[in-house]
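Visitor: The structure's right below; bear with me while I get my questions together.
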Amino acid sequence: RPAVPLDTIRVDGPNRPGTVISENRQIHRPDLDNLDPAFAHWPGPPHARAAGTRTMCGTPLRREDKAIGALIIYRDRLAPFTADELVLLQTFADQGAIAIENARLFNETREALQRQTATADILKVIASSPDDVQPVFDAILARALHLCEAAFGFLTTYDGERFAFGAQRGVPPALAEHFRGGMDEPRPGDAHWRLMEGEDLIHNLDQKDEDAYR
């Protein structure tokens, strides 16, 4: 059987998890051999039926009354879920949402603490090196790479005419050699050029898709 089209696997598409989330409700299909006409055109049920599924139920995971996920349960026999089982599935889904929220809060707290620690470390370096900016540049770059889990990076300064490299860490040798002499004229479209044009923050998701880096 052909695969389910990828364009249907989305929150607003004709699929069970997406509908559970978009409509924020539990959807119980007692018998896949006798589907409601509203769902008969969905591409997923034939695949589920071919795999042996007969009864299905989708239950939303909610945070602050908004659906953030879906719990999908299958039965390989004709056995509609009872009212008590449907309530139990919602309880399980609620517990899953609580676990997700607890993990999010824990990670946010940990990340905030890491940022505060990194800032404190840099301030200590500034205090201990009042007449030498190099240790400060090195500390800023090191903490940034660590917090962002980045492979390598560099820090540049600009005197109004050209860029100079104040610090670099883990930069591949070929790229480091290319930058060693500094930069008089950034290539139009690259990060330094865009900063000079007035952008406050440059975030390239994939440099291979950027004309300036091809």
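So you can find residues: chains in the structure tokens are A, B, ... in the order shown, residues in each start at 1, and ligands are numbered from 1 in order.
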Taking only stretch 119-167 of chain A into account, list the residues labelled strand (DSSP E) by DSSP (computed from the backbone), as a ChimeraX atom specification.
Guide: /A:153-158,163-167
Visitor: Enumerate, in order of chain and increasing residue number, the residues of stretch 78-133 of chain A with an atom no farther than 8 Å from stretch 9-32 of chain A, each with its shortest atom pair and distance in Å to one decimal, counting only C-alpha atoms, as JSON lines.
Guide:
```
{"residue": "A:Leu78", "atom": "CA", "partner": "A:Asp31", "partner_atom": "CA", "distance": 6.3}
{"residue": "A:Ala79", "atom": "CA", "partner": "A:Pro30", "partner_atom": "CA", "distance": 6.9}
{"residue": "A:Pro80", "atom": "CA", "partner": "A:Pro30", "partner_atom": "CA", "distance": 4.6}
{"residue": "A:Phe81", "atom": "CA", "partner": "A:Pro30", "partner_atom": "CA", "distance": 7.2}
{"residue": "A:Gln90", "atom": "CA", "partner": "A:Gln26", "partner_atom": "CA", "distance": 7.9}
```
Visitor: Could those residues be written to a file, using C-alpha atoms, as a compact mmCIF listing (two decimals), in the first residue's frame?
Guide:
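Wrote part37.txt, looks like this:
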```txt
# COMPACT_ATOMS: atom_id res chain seq x y z
CA LEU A 78 -13.41 -4.87 17.57
CA ALA A 79 -13.62 -3.67 21.17
CA PRO A 80 -14.87 -0.10 21.61
CA PHE A 81 -13.42 1.71 24.61
CA GLN A 90 -7.64 11.37 29.40
```
Visitor: Determine the nearest neighbour of A:Leu195 from the options A:Leu123, A:Asp211, A:Thr156, A:His178, counting only C-alpha atoms.
Guide: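 Ranked by minimum distance to A:Leu195, first place goes to A:Thr156.
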Visitor: So which residues touch stretch 159-174 of chain A within 12 Å, counting only C-alpha atoms, skipping near sequence neighbours fewer than 4 positions away, as a PyMOL selection string?
Guide: chain A and resi 132-146+150-155+178-186+191-193+195-196
Visitor: Could you tell me how far atom CA of A:Leu147 sits from atom CA of A:Leu175, in Å to one decimal place?
Guide: 22.6 Å
Visitor: Mind the document's chain letters and residue numbers, and return as a PyMOL selection string the residues of stretch 10-160 of chain A that DSSP labels helix (DSSP H, G or I).
Guide: chain A and resi 16-23+44-50+83-128+134-148
Visitor: Kindly give the distance, in Å, that separates atom CA of A:Ile68 and atom CA of A:Ala97, rounded to a single decimal.
Guide: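 One can read the atom CA of A:Ile68 to atom CA of A:Ala97 distance as 7.6 Å.
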Visitor: To one decimal place, how far is atom CA of A:Ala127 from atom CA of A:Leu113 in Å?
Guide: 21.0 Å
Visitor: As an MDAnalysis selection string, please: the residues near A:Arg63 (cut-off 9 Å, only C-alpha atoms, same-chain neighbours under 6 positions excluded).
Guide: chainID A and resid 94 97:98 101
Visitor: Go through A:Glu111, A:Ala40, A:Asp200, A:Gly96 and flag the residue nearest A:Ala67, using only C-alpha atoms for the distances.
Guide: A:Gly96
